[in-house]
$ cat entry.csv   # CSV, N, CA and C atoms
chain,number,residue,atom,x,y,z
A,18,MET,N,-45.9,43.9,43.3
A,18,MET,CA,-46.7,44.1,44.5
A,18,MET,C,-45.8,44.6,45.6
A,19,VAL,N,-46.4,45.0,46.7
A,19,VAL,CA,-45.7,45.7,47.7
A,19,VAL,C,-45.0,44.8,48.7
A,20,THR,N,-45.8,43.9,49.3
A,20,THR,CA,-45.3,43.1,50.5
A,20,THR,C,-44.9,41.7,50.2
A,21,GLY,N,-45.3,41.2,49.1
A,21,GLY,CA,-45.1,39.8,48.8
A,21,GLY,C,-46.4,39.2,48.3
A,22,ALA,N,-46.3,38.2,47.4
A,22,ALA,CA,-47.6,37.7,46.7
A,22,ALA,C,-48.6,37.2,47.7
A,23,GLN,N,-48.2,36.4,48.7
A,23,GLN,CA,-49.1,35.9,49.6
A,23,GLN,C,-49.8,37.0,50.5
A,24,ASP,N,-48.9,37.9,51.0
A,24,ASP,CA,-49.4,39.0,51.8
A,24,ASP,C,-50.4,39.9,51.0
A,25,ASP,N,-50.0,40.2,49.8
A,25,ASP,CA,-50.9,41.0,48.9
A,25,ASP,C,-52.2,40.3,48.7
A,26,ARG,N,-52.2,39.0,48.5
A,26,ARG,CA,-53.5,38.3,48.2
A,26,ARG,C,-54.4,38.4,49.5
A,27,GLY,N,-53.8,38.3,50.7
A,27,GLY,CA,-54.6,38.4,51.9
A,27,GLY,C,-55.2,39.8,52.0
A,28,LEU,N,-54.3,40.8,51.7
A,28,LEU,CA,-54.7,42.2,51.8
A,28,LEU,C,-55.9,42.5,50.8
A,29,VAL,N,-55.7,42.0,49.6
A,29,VAL,CA,-56.7,42.3,48.6
A,29,VAL,C,-58.0,41.6,48.9
A,30,GLU,N,-57.9,40.4,49.4
A,30,GLU,CA,-59.2,39.7,49.8
A,30,GLU,C,-59.9,40.3,51.0
A,31,ALA,N,-59.1,40.8,52.0
A,31,ALA,CA,-59.7,41.5,53.1
A,31,ALA,C,-60.4,42.8,52.7
A,32,VAL,N,-59.7,43.6,51.8
A,32,VAL,CA,-60.3,44.8,51.3
A,32,VAL,C,-61.5,44.5,50.5
A,33,ALA,N,-61.4,43.5,49.6
A,33,ALA,CA,-62.6,43.2,48.7
A,33,ALA,C,-63.8,42.8,49.6
A,34,ALA,N,-63.6,42.0,50.6
A,34,ALA,CA,-64.7,41.6,51.5
A,34,ALA,C,-65.3,42.8,52.2
A,35,ALA,N,-64.4,43.7,52.7
A,35,ALA,CA,-65.0,44.9,53.4
A,35,ALA,C,-65.7,45.8,52.5
A,36,VAL,N,-65.2,46.0,51.3
A,36,VAL,CA,-65.9,46.8,50.3
A,36,VAL,C,-67.2,46.2,49.9
A,37,GLY,N,-67.3,44.9,49.7
A,37,GLY,CA,-68.5,44.3,49.3
A,37,GLY,C,-69.6,44.4,50.3
A,38,GLU,N,-69.3,44.7,51.5
A,38,GLU,CA,-70.3,44.9,52.6
A,38,GLU,C,-70.8,46.4,52.7
A,39,VAL,N,-70.2,47.3,51.9
A,39,VAL,CA,-70.6,48.7,52.0
A,39,VAL,C,-72.0,48.9,51.4
A,40,PRO,N,-72.9,49.6,52.1
A,40,PRO,CA,-74.2,49.9,51.5
A,40,PRO,C,-74.1,50.7,50.3
A,41,GLY,N,-74.8,50.4,49.2
A,41,GLY,CA,-74.7,51.1,48.0
A,41,GLY,C,-73.8,50.5,47.0
A,42,VAL,N,-73.0,49.5,47.4
A,42,VAL,CA,-72.1,48.8,46.4
A,42,VAL,C,-72.9,47.6,45.9
A,43,ALA,N,-73.1,47.6,44.6
A,43,ALA,CA,-73.8,46.5,44.0
A,43,ALA,C,-72.8,45.3,43.9
A,44,PHE,N,-71.6,45.5,43.4
A,44,PHE,CA,-70.6,44.5,43.4
A,44,PHE,C,-69.3,45.2,43.0
A,45,LEU,N,-68.2,44.4,43.2
A,45,LEU,CA,-66.9,44.9,42.8
A,45,LEU,C,-66.8,44.6,41.3
A,46,ARG,N,-66.1,45.5,40.6
A,46,ARG,CA,-66.0,45.3,39.2
A,46,ARG,C,-65.3,44.0,38.8
A,47,PRO,N,-65.9,43.1,38.1
A,47,PRO,CA,-65.2,41.9,37.7
A,47,PRO,C,-64.2,42.1,36.6
A,48,GLY,N,-63.1,41.5,36.7
A,48,GLY,CA,-62.1,41.6,35.7
A,48,GLY,C,-62.2,40.4,34.7
A,49,LEU,N,-61.3,40.3,33.8
A,49,LEU,CA,-61.4,39.2,32.8
A,49,LEU,C,-61.2,37.9,33.5
A,50,ALA,N,-60.3,37.8,34.4
A,50,ALA,CA,-60.0,36.5,35.1
A,50,ALA,C,-61.3,36.0,35.8
A,51,GLU,N,-62.0,36.9,36.5
A,51,GLU,CA,-63.2,36.4,37.1
A,51,GLU,C,-64.3,36.0,36.1
A,52,ARG,N,-64.4,36.7,35.0
A,52,ARG,CA,-65.4,36.3,34.0
A,52,ARG,C,-65.0,35.0,33.4
A,53,LEU,N,-63.8,34.7,33.1
A,53,LEU,CA,-63.4,33.4,32.6
A,53,LEU,C,-63.6,32.3,33.7
A,54,ARG,N,-63.3,32.6,34.9
A,54,ARG,CA,-63.4,31.7,36.0
A,54,ARG,C,-64.9,31.3,36.2
A,55,ALA,N,-65.8,32.4,36.1
A,55,ALA,CA,-67.2,32.1,36.2
A,55,ALA,C,-67.7,31.3,35.1
A,56,ALA,N,-67.3,31.5,33.9
A,56,ALA,CA,-67.7,30.7,32.7
A,56,ALA,C,-67.2,29.2,32.9
A,57,ALA,N,-66.0,29.1,33.4
A,57,ALA,CA,-65.5,27.7,33.6
A,57,ALA,C,-66.2,27.0,34.7
A,58,SER,N,-66.5,27.8,35.8
A,58,SER,CA,-67.2,27.1,37.0
A,58,SER,C,-68.6,26.8,36.7
A,59,ALA,N,-69.2,27.4,35.7
A,59,ALA,CA,-70.6,27.1,35.3
A,59,ALA,C,-70.6,25.6,34.8
A,60,ARG,N,-69.5,25.2,34.2
A,60,ARG,CA,-69.4,23.8,33.7
A,60,ARG,C,-69.0,22.8,34.8
A,61,ARG,N,-68.4,23.3,35.9
A,61,ARG,CA,-68.0,22.4,37.0
A,61,ARG,C,-68.8,22.7,38.2
A,62,VAL,N,-69.3,21.6,38.8
A,62,VAL,CA,-70.2,21.7,40.0
A,62,VAL,C,-69.3,21.9,41.3
A,63,ASP,N,-68.1,21.4,41.3
A,63,ASP,CA,-67.3,21.4,42.5
A,63,ASP,C,-66.5,22.7,42.8
A,64,SER,N,-66.6,23.7,41.9
A,64,SER,CA,-65.8,24.9,42.1
A,64,SER,C,-66.5,25.8,43.1
A,65,ALA,N,-65.6,26.4,43.9
A,65,ALA,CA,-66.1,27.4,44.9
A,65,ALA,C,-66.0,28.8,44.3
A,66,PRO,N,-66.9,29.7,44.7
A,66,PRO,CA,-66.8,31.1,44.2
A,66,PRO,C,-65.6,31.8,44.8
A,67,THR,N,-65.1,32.7,44.0
A,67,THR,CA,-63.9,33.5,44.5
A,67,THR,C,-64.2,34.9,44.5
A,68,ALA,N,-63.5,35.7,45.3
A,68,ALA,CA,-63.6,37.1,45.5
A,68,ALA,C,-63.1,37.8,44.2
A,69,PRO,N,-63.8,38.8,43.8
A,69,PRO,CA,-63.3,39.5,42.6
A,69,PRO,C,-62.1,40.4,42.9
A,70,THR,N,-61.0,39.8,43.0
A,70,THR,CA,-59.8,40.5,43.4
A,70,THR,C,-59.2,41.4,42.4
A,71,SER,N,-59.6,41.3,41.1
A,71,SER,CA,-59.1,42.3,40.1
A,71,SER,C,-59.7,43.7,40.4
A,72,ALA,N,-60.7,43.8,41.2
A,72,ALA,CA,-61.3,45.1,41.5
A,72,ALA,C,-60.5,45.8,42.6
A,73,VAL,N,-59.5,45.2,43.1
A,73,VAL,CA,-58.6,45.8,44.1
A,73,VAL,C,-57.2,45.7,43.7
A,74,ARG,N,-56.5,46.8,43.4
A,74,ARG,CA,-55.1,46.7,43.0
A,74,ARG,C,-54.2,47.3,44.1
A,75,VAL,N,-53.1,46.7,44.4
A,75,VAL,CA,-52.2,47.2,45.4
A,75,VAL,C,-50.9,47.7,44.7
A,76,ARG,N,-50.5,48.9,45.0
A,76,ARG,CA,-49.3,49.5,44.4
A,76,ARG,C,-48.4,50.1,45.5
A,77,GLY,N,-47.2,50.2,45.3
A,77,GLY,CA,-46.3,50.8,46.2
A,77,GLY,C,-46.4,52.3,46.1
A,78,ALA,N,-46.3,53.0,47.1
A,78,ALA,CA,-46.4,54.5,47.1
A,78,ALA,C,-45.1,55.1,47.6
A,79,SER,N,-44.8,56.3,47.2
A,79,SER,CA,-43.5,56.9,47.7
A,79,SER,C,-43.6,57.1,49.2
A,80,GLY,N,-42.5,56.9,49.8
A,80,GLY,CA,-42.4,57.0,51.3
A,80,GLY,C,-42.7,55.7,52.0
A,81,GLY,N,-42.8,54.6,51.3
A,81,GLY,CA,-42.9,53.3,51.9
A,81,GLY,C,-44.4,52.9,52.2
A,82,GLY,N,-45.3,53.7,51.8
A,82,GLY,CA,-46.7,53.3,52.0
A,82,GLY,C,-47.3,52.5,50.8
A,83,ILE,N,-48.6,52.3,50.9
A,83,ILE,CA,-49.2,51.5,49.8
A,83,ILE,C,-50.4,52.4,49.2
A,84,THR,N,-50.7,52.1,48.0
A,84,THR,CA,-51.9,52.7,47.4
A,84,THR,C,-52.8,51.6,46.9
A,85,LEU,N,-54.0,51.7,47.3
A,85,LEU,CA,-55.0,50.7,46.9
A,85,LEU,C,-55.9,51.4,45.9
A,86,GLU,N,-56.2,50.7,44.7
A,86,GLU,CA,-57.1,51.2,43.8
A,86,GLU,C,-58.3,50.3,43.8
A,87,VAL,N,-59.5,50.8,44.1
A,87,VAL,CA,-60.7,50.0,44.2
A,87,VAL,C,-61.7,50.4,43.2
A,88,PHE,N,-62.3,49.4,42.5
A,88,PHE,CA,-63.2,49.6,41.4
A,88,PHE,C,-64.6,49.0,41.8
A,89,VAL,N,-65.6,49.7,41.9
A,89,VAL,CA,-66.9,49.2,42.3
A,89,VAL,C,-68.0,49.6,41.3
A,90,VAL,N,-69.1,48.9,41.4
A,90,VAL,CA,-70.4,49.3,40.7
A,90,VAL,C,-71.4,49.6,41.7
A,91,ALA,N,-72.0,50.8,41.6
A,91,ALA,CA,-72.9,51.2,42.7
A,91,ALA,C,-74.4,50.9,42.3
A,92,HIS,N,-75.2,50.9,43.3
A,92,HIS,CA,-76.7,50.8,43.1
A,92,HIS,C,-77.2,52.1,42.6
A,93,ARG,N,-78.2,52.0,41.7
A,93,ARG,CA,-78.9,53.2,41.2
A,93,ARG,C,-79.7,53.7,42.4
A,94,GLY,N,-79.8,55.0,42.5
A,94,GLY,CA,-80.5,55.7,43.6
A,94,GLY,C,-79.6,56.0,44.7
A,95,ARG,N,-78.4,55.6,44.7
A,95,ARG,CA,-77.4,56.0,45.7
A,95,ARG,C,-76.5,57.1,45.1
A,96,ARG,N,-76.1,58.1,45.9
A,96,ARG,CA,-75.2,59.0,45.4
A,96,ARG,C,-73.8,58.4,45.3
A,97,ALA,N,-73.2,58.5,44.2
A,97,ALA,CA,-71.8,58.0,43.9
A,97,ALA,C,-70.8,58.5,44.9
A,98,LEU,N,-71.0,59.8,45.3
A,98,LEU,CA,-70.0,60.4,46.2
A,98,LEU,C,-70.1,59.7,47.6
A,99,ASP,N,-71.3,59.5,48.1
A,99,ASP,CA,-71.5,58.8,49.4
A,99,ASP,C,-71.0,57.4,49.3
A,100,VAL,N,-71.2,56.7,48.2
A,100,VAL,CA,-70.7,55.3,48.1
A,100,VAL,C,-69.2,55.3,48.1
A,101,THR,N,-68.6,56.3,47.3
A,101,THR,CA,-67.2,56.4,47.2
A,101,THR,C,-66.5,56.7,48.6
A,102,ARG,N,-67.1,57.6,49.4
A,102,ARG,CA,-66.5,57.9,50.7
A,102,ARG,C,-66.6,56.6,51.6
A,103,ALA,N,-67.7,55.9,51.6
A,103,ALA,CA,-67.9,54.8,52.4
A,103,ALA,C,-66.9,53.6,52.0
A,104,VAL,N,-66.8,53.5,50.7
A,104,VAL,CA,-65.8,52.5,50.2
A,104,VAL,C,-64.4,52.8,50.7
A,105,ARG,N,-64.0,54.1,50.5
A,105,ARG,CA,-62.7,54.5,51.0
A,105,ARG,C,-62.4,54.2,52.4
A,106,GLU,N,-63.4,54.5,53.3
A,106,GLU,CA,-63.3,54.3,54.7
A,106,GLU,C,-63.2,52.8,55.0
A,107,ALA,N,-64.0,52.0,54.4
A,107,ALA,CA,-64.0,50.5,54.6
A,107,ALA,C,-62.7,49.9,54.1
A,108,ALA,N,-62.2,50.3,53.0
A,108,ALA,CA,-61.0,49.8,52.4
A,108,ALA,C,-59.8,50.2,53.3
A,109,THR,N,-59.8,51.4,53.8
A,109,THR,CA,-58.7,51.9,54.6
A,109,THR,C,-58.6,51.1,55.9
A,110,ARG,N,-59.8,50.9,56.6
A,110,ARG,CA,-59.9,50.1,57.8
A,110,ARG,C,-59.4,48.7,57.6
A,111,ALA,N,-59.9,48.1,56.5
A,111,ALA,CA,-59.5,46.7,56.2
A,111,ALA,C,-58.0,46.5,56.0
A,112,ALA,N,-57.5,47.5,55.2
A,112,ALA,CA,-56.0,47.4,54.9
A,112,ALA,C,-55.2,47.6,56.2
A,113,ARG,N,-55.6,48.5,57.0
A,113,ARG,CA,-54.8,48.7,58.3
A,113,ARG,C,-54.9,47.5,59.2
A,114,ALA,N,-56.1,46.9,59.2
A,114,ALA,CA,-56.2,45.7,60.0
A,114,ALA,C,-55.4,44.5,59.4
A,115,ALA,N,-55.3,44.4,58.1
A,115,ALA,CA,-54.6,43.3,57.4
A,115,ALA,C,-53.1,43.4,57.4
A,116,LEU,N,-52.6,44.7,57.5
A,116,LEU,CA,-51.2,44.9,57.4
A,116,LEU,C,-50.6,44.7,58.8
A,117,SER,N,-49.5,44.0,58.8
A,117,SER,CA,-48.8,43.8,60.1
A,117,SER,C,-48.0,45.0,60.5
A,118,ALA,N,-47.4,45.7,59.5
A,118,ALA,CA,-46.7,46.9,59.8
A,118,ALA,C,-47.6,48.2,59.7
A,119,ARG,N,-47.2,49.2,60.4
A,119,ARG,CA,-48.0,50.4,60.3
A,119,ARG,C,-47.4,51.3,59.2
A,120,VAL,N,-48.1,51.2,58.0
A,120,VAL,CA,-47.6,52.0,56.8
A,120,VAL,C,-48.7,52.9,56.4
A,121,PRO,N,-48.4,54.0,55.7
A,121,PRO,CA,-49.4,54.9,55.2
A,121,PRO,C,-50.2,54.2,54.1
A,122,VAL,N,-51.5,54.3,54.2
A,122,VAL,CA,-52.4,53.7,53.2
A,122,VAL,C,-53.2,54.8,52.5
A,123,HIS,N,-53.1,54.8,51.2
A,123,HIS,CA,-53.9,55.8,50.3
A,123,HIS,C,-54.8,54.9,49.5
A,124,VAL,N,-56.1,55.3,49.5
A,124,VAL,CA,-57.1,54.6,48.7
A,124,VAL,C,-57.7,55.4,47.7
A,125,SER,N,-57.8,54.9,46.4
A,125,SER,CA,-58.4,55.6,45.3
A,125,SER,C,-59.6,54.7,44.9
A,126,VAL,N,-60.8,55.3,44.8
A,126,VAL,CA,-62.0,54.6,44.5
A,126,VAL,C,-62.6,55.1,43.2
A,127,THR,N,-62.9,54.2,42.3
A,127,THR,CA,-63.6,54.5,41.0
A,127,THR,C,-64.9,53.8,41.0
A,128,VAL,N,-66.0,54.5,40.8
A,128,VAL,CA,-67.3,53.9,40.5
A,128,VAL,C,-67.3,53.7,39.0
A,129,SER,N,-67.2,52.4,38.6
A,129,SER,CA,-67.1,52.1,37.2
A,129,SER,C,-68.5,51.9,36.5
A,130,GLY,N,-69.5,51.9,37.3
A,130,GLY,CA,-70.9,51.7,36.7
A,130,GLY,C,-71.9,51.8,37.8
A,131,ILE,N,-73.2,51.9,37.3
A,131,ILE,CA,-74.3,52.0,38.2
A,131,ILE,C,-75.4,51.1,37.6
A,132,VAL,N,-75.9,50.3,38.5
A,132,VAL,CA,-77.0,49.3,38.1
A,132,VAL,C,-78.2,49.5,39.0
$ encode --input "entry.csv" --output "structure tokens"
Amino acid sequence: MVTGAQDDRGLVEAVAAAVGEVPGVAFLRPGLAERLRAAASARRVDSAPTAPTSAVRVRGASGGGITLEVFVVAHRGRRALDVTRAVREAATRAARAALSARVPVHVSVTVSGIV
């Protein structure tokens, strides 16, 4: 990761929360960890839901910036292009707000499904 495990976790959670609020986003793509956690939490009553952080990846970019890869599932009836643009804007704003240093942020968005 780029800034440190704790910083990256906060960044990923901030971006995931912002992206989850974008109109047209059904949900962030769950990864294997979230699926296993959901199955385990179905058996335990005291577990709290977690953000699907595997849907947001942080990578270092050349020149000292960061690259965010965001994977979402869009609602049927919404143009994937419009959803992608809105997700990119929300992720960029959230990343810039979460980062303490002013670094270049590049966001890549993949619509991995439509429901």
$ closest_residue --input "entry.csv" --among "A:Arg76, A:Arg93, A:Arg110, A:His123" --to "Ala31 of chain A" --atoms "only N, CA and C atoms"
A:Arg110
$ closest_residue --input "entry.csv" --among "A:Val73, A:Val128, A:Ala112, A:Ile83" --to "Arg96 of chain A" --atoms "only C-alpha atoms"
A:Val128
$ atom_distance --input "entry.csv" --atom1 "atom N of Gly130 of chain A" --atom2 "atom C of Val87 of chain A"
9.9 Å
$ atom_distance --input "entry.csv" --atom1 "atom CA of Val75 of chain A" --atom2 "atom C of Gly94 of chain A"
28.8 Å
$ closest_residue --input "entry.csv" --among "A:Val36, A:Ala72, A:Ala91, A:Ala78" --to "Arg105 of chain A" --atoms "only N, CA and C atoms"
A:Val36
$ atom_distance --input "entry.csv" --atom1 "atom CA of Glu86 of chain A" --atom2 "atom CA of Val132 of chain A"
20.8 Å
$ select_by_dssp --input "entry.csv" --residues "segment 73-123 of chain A" --states "alpha helix (DSSP H)" --output "ChimeraX atom specification"
/A:97-115
$ write_last_selection --input "entry.csv" --atoms "N, CA and C atoms" --output "PDB file, in the frame of the given file"
ATOM      1  N   ALA A  97     -73.200  58.500  44.200  1.00  0.00           N
ATOM      2  CA  ALA A  97     -71.800  58.000  43.900  1.00  0.00           C
ATOM      3  C   ALA A  97     -70.800  58.500  44.900  1.00  0.00           C
ATOM      4  N   LEU A  98     -71.000  59.800  45.300  1.00  0.00           N
ATOM      5  CA  LEU A  98     -70.000  60.400  46.200  1.00  0.00           C
ATOM      6  C   LEU A  98     -70.100  59.700  47.600  1.00  0.00           C
ATOM      7  N   ASP A  99     -71.300  59.500  48.100  1.00  0.00           N
ATOM      8  CA  ASP A  99     -71.500  58.800  49.400  1.00  0.00           C
ATOM      9  C   ASP A  99     -71.000  57.400  49.300  1.00  0.00           C
ATOM     10  N   VAL A 100     -71.200  56.700  48.200  1.00  0.00           N
ATOM     11  CA  VAL A 100     -70.700  55.300  48.100  1.00  0.00           C
ATOM     12  C   VAL A 100     -69.200  55.300  48.100  1.00  0.00           C
ATOM     13  N   THR A 101     -68.600  56.300  47.300  1.00  0.00           N
ATOM     14  CA  THR A 101     -67.200  56.400  47.200  1.00  0.00           C
ATOM     15  C   THR A 101     -66.500  56.700  48.600  1.00  0.00           C
ATOM     16  N   ARG A 102     -67.100  57.600  49.400  1.00  0.00           N
ATOM     17  CA  ARG A 102     -66.500  57.900  50.700  1.00  0.00           C
ATOM     18  C   ARG A 102     -66.600  56.600  51.600  1.00  0.00           C
ATOM     19  N   ALA A 103     -67.700  55.900  51.600  1.00  0.00           N
ATOM     20  CA  ALA A 103     -67.900  54.800  52.400  1.00  0.00           C
ATOM     21  C   ALA A 103     -66.900  53.600  52.000  1.00  0.00           C
ATOM     22  N   VAL A 104     -66.800  53.500  50.700  1.00  0.00           N
ATOM     23  CA  VAL A 104     -65.800  52.500  50.200  1.00  0.00           C
ATOM     24  C   VAL A 104     -64.400  52.800  50.700  1.00  0.00           C
ATOM     25  N   ARG A 105     -64.000  54.100  50.500  1.00  0.00           N
ATOM     26  CA  ARG A 105     -62.700  54.500  51.000  1.00  0.00           C
ATOM     27  C   ARG A 105     -62.400  54.200  52.400  1.00  0.00           C
ATOM     28  N   GLU A 106     -63.400  54.500  53.300  1.00  0.00           N
ATOM     29  CA  GLU A 106     -63.300  54.300  54.700  1.00  0.00           C
ATOM     30  C   GLU A 106     -63.200  52.800  55.000  1.00  0.00           C
ATOM     31  N   ALA A 107     -64.000  52.000  54.400  1.00  0.00           N
ATOM     32  CA  ALA A 107     -64.000  50.500  54.600  1.00  0.00           C
ATOM     33  C   ALA A 107     -62.700  49.900  54.100  1.00  0.00           C
ATOM     34  N   ALA A 108     -62.200  50.300  53.000  1.00  0.00           N
ATOM     35  CA  ALA A 108     -61.000  49.800  52.400  1.00  0.00           C
ATOM     36  C   ALA A 108     -59.800  50.200  53.300  1.00  0.00           C
ATOM     37  N   THR A 109     -59.800  51.400  53.800  1.00  0.00           N
ATOM     38  CA  THR A 109     -58.700  51.900  54.600  1.00  0.00           C
ATOM     39  C   THR A 109     -58.600  51.100  55.900  1.00  0.00           C
ATOM     40  N   ARG A 110     -59.800  50.900  56.600  1.00  0.00           N
ATOM     41  CA  ARG A 110     -59.900  50.100  57.800  1.00  0.00           C
ATOM     42  C   ARG A 110     -59.400  48.700  57.600  1.00  0.00           C
ATOM     43  N   ALA A 111     -59.900  48.100  56.500  1.00  0.00           N
ATOM     44  CA  ALA A 111     -59.500  46.700  56.200  1.00  0.00           C
ATOM     45  C   ALA A 111     -58.000  46.500  56.000  1.00  0.00           C
ATOM     46  N   ALA A 112     -57.500  47.500  55.200  1.00  0.00           N
ATOM     47  CA  ALA A 112     -56.000  47.400  54.900  1.00  0.00           C
ATOM     48  C   ALA A 112     -55.200  47.600  56.200  1.00  0.00           C
ATOM     49  N   ARG A 113     -55.600  48.500  57.000  1.00  0.00           N
ATOM     50  CA  ARG A 113     -54.800  48.700  58.300  1.00  0.00           C
ATOM     51  C   ARG A 113     -54.900  47.500  59.200  1.00  0.00           C
ATOM     52  N   ALA A 114     -56.100  46.900  59.200  1.00  0.00           N
ATOM     53  CA  ALA A 114     -56.200  45.700  60.000  1.00  0.00           C
ATOM     54  C   ALA A 114     -55.400  44.500  59.400  1.00  0.00           C
ATOM     55  N   ALA A 115     -55.300  44.400  58.100  1.00  0.00           N
ATOM     56  CA  ALA A 115     -54.600  43.300  57.400  1.00  0.00           C
ATOM     57  C   ALA A 115     -53.100  43.400  57.400  1.00  0.00           C
TER      58      ALA A 115
END
$ closest_residue --input "entry.csv" --among "A:Ser117, A:Ser71, A:Thr101, A:Ser125" --to "Val29 of chain A" --atoms "all atoms listed in the file"
A:Ser71
$ closest_residue --input "entry.csv" --among "A:Val89, A:Val100, A:Glu106, A:Gly81" --to "Val120 of chain A" --atoms "only N, CA and C atoms"
A:Gly81
$ axis_aligned_box --input "entry.csv" --around "segment 108-111 of chain A" --padding-each-side "8 Å" --output "lines of an AutoDock Vina configuration file"
center_x = -60.1
center_y = 49.2
center_z = 55.1
size_x = 20.2
size_y = 21.4
size_z = 21.4
